[in-house]
Amino acid sequence: MSHSGTGPDSVVSFENVSKHYGSLKAVDGLSVSLRPGETVALLGPNGAGKSTSLDMLLALRKPTSGRIRMFGSDPYHAVKSGRVGAMLQSGGLMPEVTVRELVTLVAGFHPRPIPPETTMKRAGIADIAEQRVDRLSGGQTQRVRFALAISGDCELIVLDEPTTAMDVETRQLFWANMKAEVAEGKTLLFATHYLEEADQAADRILVINRGRLLADGTPAEIKERAGAKRMSFRLNRVDEPFLLSLPGLVNLEIRNDLVHIQTTDSDDTLYALLGAGYRPRELEVGSLGLEQAFIAITAEDDRANTGTPASPVEERI
Amino acid sequence: MRGTLSLAMAEVNRLRRNKRYLIFTVALPVMLYLIFGKEVATVYGVSFKVFYMVGMASFGAFAGAFNNNLIRISQERKDGWIRQLRLTPLPANAYVVAKIVGSMATTIPSIVIVLLLGRFYGGVTLPIWKWITIAVAIWLGTLIFAALAVALGYMLRPDSVQPIAMLVYFFFTIFGGLWFPLSGGLRKFGEITPTYRVIAISTSVVATGKVSMVNVAVVLIWLVGFVVFAVLAVRATAEAV
């Protein structure tokens, strides 16, 4: 299920990339490569290193070590060649001009500009074309940023939390537009902490936590990786060390006599439990959603590291 | 280059629509000249109307290049517009170049208007080359302040930029003798400022018909110093923009 390794035709490749701020490892040995035409979600909690990774990809920050390539060249030259369109959370807009003026201006920076009217229609901002940029709502501003990202004819689109500040309806409209955009064979990389979004929009998900890549696969594979099943039951006498040794166990949670388990194989886990003489009551077995899978993967990682939950480190320092 | 120029054009268009900018760079110096321009006195070997014309033209131009740029750069850095530009195919230095080119272009009208006022309201008559020398000296001074605005704009956050902008600006205008002529110890001190030297280039060209190389040298030293300062400030914050 691993897709790492650098092909000659990869759009983006991270080769053992790290970014340290003093003792903080914002990104820690990240290796991954994207193939043309993929829609890839970069999924992780706040402070996981998503924004730092995208910043380095877009030549805004330099890796402490490792190498990033985009279209076979360094990120700066790839960005300046106009082959990538990007939208960051922190990207601002020039005030005191109208939406149309701004989109026209930025399109003019591109070697292969797209007519501003087309871009504004695609981004759903044709109706606010004459409004001043500094008088827009949060959602409108976000759509203008998106318009700037697609104002040139590019091969890779990079979006950092693109639907923040959008209501549900606008979010759906956004993804409908986005799908039309990438249907032409463009590669899309987007960071998100909405699991639903990653599940629905991406054909590949990269789960990162604490700056490291924890999982890389299709949404289905990620769910499987996390332990596809959850079980819950009650026990008269809870023996934690024994429960932790159950086969297939990925995550264990005990509340008094109530036990929650995530497991890769619910049959094996159950038989081992029965084989040891336990008689669980109120037994329930079900499937995990991507959300639970994600929590399982990151929680497993946090436990393995410090025994405490992930500290929400500021993403931008 | 084409992209950078269109960004500079956009900057000019923004300024043209900005009433505050027009008030400080054009309306205020014009008004002050209308009030005080006809005082009769001799200053630095020239008549007051010449001195005050040069002072007011410099005041408007420097305010445009410095205060306005400084506050905008600081704000646009915080808002992430500079980051946004770095994601486009524009060269990395385009933002700074466009700011400087834009403010150099927009200060031309404010210089020209006050000089025209000196000619037709104050009654200053000079050979054409002296007019040109005065205009160019003030314009060069504008460049100094545009560079300083870039340096400080990259270093200061918007919430602290206003008072510092005022402080720096008052220092250079008062000790440069833009508002009133300097004498005695104040003048000795003022001689180190580029603002004093810009006025001195203009008044000495009117009084003696010569461009003093010392004055030009001091202006150029400040210019180089602030350009280096600006380059260092931009580089130091490259990762944080």
# chains A, B, ... in the order shown; residues from 1 in each chain; ligands from 1
>>> select_by_dssp(residues="segment 80-192 of chain A", states="helix (DSSP H, G or I)", output="JSON, numbers by chain")
{"A": [80, 99, 100, 101, 102, 103, 104, 105, 106, 107, 116, 117, 118, 119, 120, 121, 122, 126, 127, 128, 133, 134, 135, 138, 139, 140, 141, 142, 143, 144, 145, 146, 147, 148, 149, 168, 169, 170, 171, 172, 173, 174, 175, 176, 177, 178, 179, 180, 181, 182]}
>>> closest_atom_pairs(of="segment 72-154 of chain B", to="segment 35-56 of chain A", cutoff="12 Å", atoms="only C-alpha atoms", output="JSON lines")
{"residue": "B:Arg83", "atom": "CA", "partner": "A:Asp55", "partner_atom": "CA", "distance": 9.9}
{"residue": "B:Gln84", "atom": "CA", "partner": "A:Asp55", "partner_atom": "CA", "distance": 11.4}
{"residue": "B:Arg86", "atom": "CA", "partner": "A:Asp55", "partner_atom": "CA", "distance": 10.8}
{"residue": "B:Leu87", "atom": "CA", "partner": "A:Asp55", "partner_atom": "CA", "distance": 9.8}
>>> write_last_selection(atoms="N, CA, C and O atoms", output="PDB file, in the first residue's frame")
ATOM      1  N   ARG B  83       2.978  36.835   0.570  1.00  0.00           N
ATOM      2  CA  ARG B  83       3.039  35.373   0.399  1.00  0.00           C
ATOM      3  C   ARG B  83       2.306  34.949  -0.854  1.00  0.00           C
ATOM      4  O   ARG B  83       2.775  34.130  -1.634  1.00  0.00           O
ATOM      5  N   GLN B  84       1.121  35.528  -1.015  1.00  0.00           N
ATOM      6  CA  GLN B  84       0.292  35.186  -2.170  1.00  0.00           C
ATOM      7  C   GLN B  84       1.047  35.455  -3.472  1.00  0.00           C
ATOM      8  O   GLN B  84       1.044  34.638  -4.386  1.00  0.00           O
ATOM      9  N   ARG B  86       4.187  35.453  -3.881  1.00  0.00           N
ATOM     10  CA  ARG B  86       5.304  34.519  -4.043  1.00  0.00           C
ATOM     11  C   ARG B  86       4.861  33.179  -4.618  1.00  0.00           C
ATOM     12  O   ARG B  86       5.683  32.382  -5.046  1.00  0.00           O
ATOM     13  N   LEU B  87       3.549  32.928  -4.610  1.00  0.00           N
ATOM     14  CA  LEU B  87       3.040  31.688  -5.195  1.00  0.00           C
ATOM     15  C   LEU B  87       2.768  31.839  -6.688  1.00  0.00           C
ATOM     16  O   LEU B  87       2.384  30.891  -7.348  1.00  0.00           O
TER      17      LEU B  87
END
>>> atom_distance(atom1="atom CA of Tyr169 of chain B", atom2="atom CA of Trp81 of chain B")
25.5 Å
>>> interface_residues(of="chain A", to="chain B", cutoff="8 Å", atoms="only C-alpha atoms", output="JSON, numbers by chain")
{"A": [58, 60, 61, 62, 79, 80, 81, 82, 85, 86, 87, 88, 90, 91, 92, 93, 94, 96, 97, 105, 106, 108, 109, 110, 111, 317]}
>>> select_by_dssp(residues="segment 41-135 of chain B", states="strand (DSSP E or B)", output="number ranges by chain")
B: 42-43, 46-47
>>> closest_residue(among="A:Gly29, A:Gly275, A:Gly124, A:Gly217", to="Asp199 of chain A", atoms="only C-alpha atoms")
A:Gly217
>>> residues_around(residues="Glu284 of chain A", least_positions_apart="4", cutoff="12 Å", atoms="only C-alpha atoms", output="list in words")
Lys229, Arg230, Met231, Ser232, Phe233, Arg234, Leu258, Val259, His260, Ile261, Gln262, Ser266, Leu270 and Pro280 of chain A
>>> write_last_selection(atoms="C-alpha atoms", output="compact mmCIF listing (two decimals), in the first residue's frame")
# COMPACT_ATOMS: atom_id res chain seq x y z
CA LYS A 229 -13.49 -3.23 13.07
CA ARG A 230 -14.50 -1.88 16.38
CA MET A 231 -15.76 -4.08 19.19
CA SER A 232 -17.30 -3.25 22.50
CA PHE A 233 -18.37 -5.44 25.41
CA ARG A 234 -18.55 -5.56 29.18
CA LEU A 258 -16.88 -1.35 29.41
CA VAL A 259 -14.18 -2.22 26.85
CA HIS A 260 -13.79 -0.62 23.41
CA ILE A 261 -11.39 -2.27 20.98
CA GLN A 262 -10.26 -1.51 17.46
CA SER A 266 -12.46 -9.08 14.97
CA LEU A 270 -12.95 -12.51 19.87
CA PRO A 280 -17.99 -10.83 27.42
>>> residues_around(residues="segment 33-36 of chain B", least_positions_apart="6", cutoff="9 Å", atoms="only C-alpha atoms", output="PDB file with N, CA, C and O atoms, in the first residue's frame")
ATOM      1  N   LYS B  49      10.295  82.244  -0.744  1.00  0.00           N
ATOM      2  CA  LYS B  49       9.371  81.543  -1.641  1.00  0.00           C
ATOM      3  C   LYS B  49      10.051  80.376  -2.350  1.00  0.00           C
ATOM      4  O   LYS B  49       9.421  79.367  -2.625  1.00  0.00           O
ATOM      5  N   TYR B  52      10.659  77.667   0.506  1.00  0.00           N
ATOM      6  CA  TYR B  52       9.436  77.007   0.934  1.00  0.00           C
ATOM      7  C   TYR B  52       8.856  76.119  -0.161  1.00  0.00           C
ATOM      8  O   TYR B  52       8.272  75.066   0.118  1.00  0.00           O
ATOM      9  N   MET B  53       9.079  76.503  -1.403  1.00  0.00           N
ATOM     10  CA  MET B  53       8.642  75.670  -2.530  1.00  0.00           C
ATOM     11  C   MET B  53       9.373  74.328  -2.487  1.00  0.00           C
ATOM     12  O   MET B  53       8.760  73.266  -2.593  1.00  0.00           O
ATOM     13  N   MET B  56       8.215  72.281   0.676  1.00  0.00           N
ATOM     14  CA  MET B  56       6.881  71.691   0.579  1.00  0.00           C
ATOM     15  C   MET B  56       6.822  70.572  -0.463  1.00  0.00           C
ATOM     16  O   MET B  56       6.158  69.566  -0.272  1.00  0.00           O
ATOM     17  N   VAL B 114       3.741  71.339  -6.829  1.00  0.00           N
ATOM     18  CA  VAL B 114       4.259  72.369  -5.921  1.00  0.00           C
ATOM     19  C   VAL B 114       5.262  73.282  -6.644  1.00  0.00           C
ATOM     20  O   VAL B 114       5.282  74.494  -6.415  1.00  0.00           O
ATOM     21  N   LEU B 117       3.318  75.674  -8.604  1.00  0.00           N
ATOM     22  CA  LEU B 117       2.757  76.670  -7.686  1.00  0.00           C
ATOM     23  C   LEU B 117       3.811  77.737  -7.363  1.00  0.00           C
ATOM     24  O   LEU B 117       3.502  78.931  -7.314  1.00  0.00           O
ATOM     25  N   GLY B 118       5.047  77.283  -7.129  1.00  0.00           N
ATOM     26  CA  GLY B 118       6.146  78.224  -6.869  1.00  0.00           C
ATOM     27  C   GLY B 118       6.347  79.179  -8.030  1.00  0.00           C
ATOM     28  O   GLY B 118       6.521  80.383  -7.845  1.00  0.00           O
ATOM     29  N   TYR B 121       2.371  80.977  -8.550  1.00  0.00           N
ATOM     30  CA  TYR B 121       1.786  81.662  -7.399  1.00  0.00           C
ATOM     31  C   TYR B 121       2.868  82.448  -6.657  1.00  0.00           C
ATOM     32  O   TYR B 121       2.717  83.634  -6.363  1.00  0.00           O
ATOM     33  N   GLY B 122       4.004  81.782  -6.379  1.00  0.00           N
ATOM     34  CA  GLY B 122       5.089  82.451  -5.655  1.00  0.00           C
ATOM     35  C   GLY B 122       5.884  83.407  -6.541  1.00  0.00           C
ATOM     36  O   GLY B 122       6.554  84.299  -6.043  1.00  0.00           O
TER      37      GLY B 122
END
>>> residues_around(residues="Ala26 of chain A", least_positions_apart="6", cutoff="6 Å", atoms="only C-alpha atoms", output="count of residues only")
4
>>> atom_distance(atom1="atom CA of Arg279 of chain A", atom2="atom CA of Leu243 of chain A")
13.2 Å
>>> residues_around(residues="Lys99 of chain B", least_positions_apart="3", cutoff="9 Å", atoms="only C-alpha atoms", output="list in words")
Leu7, Ala8, Glu11, Val12, Asn69, Ile73, Ala94, Tyr95, Val96, Gly102, Ser103, Met104, Ala146 and Val150 of chain B
>>> atom_distance(atom1="atom CA of Phe170 of chain B", atom2="atom CA of Ile144 of chain B")
15.3 Å
>>> residues_around(residues="Phe62 of chain B", least_positions_apart="5", cutoff="12 Å", atoms="only C-alpha atoms", output="PyMOL selection string")
chain B and resi 21+24-26+29+54-57+67-70+103-104+106-108+110-111+137-149+165+168-170+172-173+176+178+194-195+198
>>> write_last_selection(atoms="C-alpha atoms", output="mmCIF file, in the first residue's frame")
data_model
loop_
_atom_site.group_PDB
_atom_site.id
_atom_site.type_symbol
_atom_site.label_atom_id
_atom_site.label_comp_id
_atom_site.auth_asym_id
_atom_site.auth_seq_id
_atom_site.Cartn_x
_atom_site.Cartn_y
_atom_site.Cartn_z
ATOM 1 C CA TYR B 21 -2.676 59.770 0.051
ATOM 2 C CA PHE B 24 -0.936 64.305 2.436
ATOM 3 C CA THR B 25 1.148 64.351 -0.710
ATOM 4 C CA VAL B 26 -0.604 67.062 -2.704
ATOM 5 C CA PRO B 29 1.795 71.005 0.795
ATOM 6 C CA VAL B 54 11.486 73.179 -2.234
ATOM 7 C CA GLY B 55 10.538 72.313 1.347
ATOM 8 C CA MET B 56 6.881 71.691 0.579
ATOM 9 C CA ALA B 57 7.588 69.685 -2.590
ATOM 10 C CA ASN B 67 4.590 56.879 5.542
ATOM 11 C CA ASN B 68 2.231 55.486 2.981
ATOM 12 C CA ASN B 69 4.551 52.695 1.781
ATOM 13 C CA LEU B 70 5.698 51.750 5.263
ATOM 14 C CA SER B 103 5.805 55.369 -5.360
ATOM 15 C CA MET B 104 8.447 56.977 -7.590
ATOM 16 C CA THR B 106 3.113 58.775 -7.876
ATOM 17 C CA THR B 107 5.411 61.350 -6.282
ATOM 18 C CA ILE B 108 6.108 62.999 -9.641
ATOM 19 C CA SER B 110 3.150 66.092 -6.140
ATOM 20 C CA ILE B 111 6.623 67.473 -6.902
ATOM 21 C CA ALA B 137 17.129 66.117 -6.280
ATOM 22 C CA ILE B 138 13.754 65.797 -4.562
ATOM 23 C CA TRP B 139 12.933 62.723 -6.597
ATOM 24 C CA LEU B 140 16.206 61.085 -5.520
ATOM 25 C CA GLY B 141 15.346 61.911 -1.949
ATOM 26 C CA THR B 142 12.033 60.110 -2.492
ATOM 27 C CA LEU B 143 13.973 56.985 -3.413
ATOM 28 C CA ILE B 144 15.806 57.119 -0.078
ATOM 29 C CA PHE B 145 12.513 57.130 1.772
ATOM 30 C CA ALA B 146 10.993 54.435 -0.413
ATOM 31 C CA ALA B 147 13.952 52.189 0.491
ATOM 32 C CA LEU B 148 13.621 52.992 4.201
ATOM 33 C CA ALA B 149 9.899 52.242 3.997
ATOM 34 C CA ALA B 165 6.599 55.969 11.089
ATOM 35 C CA VAL B 168 11.149 58.723 11.882
ATOM 36 C CA TYR B 169 9.299 61.038 9.570
ATOM 37 C CA PHE B 170 9.308 63.968 11.981
ATOM 38 C CA PHE B 172 13.912 63.759 9.024
ATOM 39 C CA THR B 173 11.498 66.583 8.219
ATOM 40 C CA GLY B 176 16.179 68.353 7.565
ATOM 41 C CA LEU B 178 11.629 70.994 5.493
ATOM 42 C CA PRO B 194 19.614 63.540 3.652
ATOM 43 C CA THR B 195 16.573 65.786 3.854
ATOM 44 C CA VAL B 198 18.180 67.639 -0.694
#
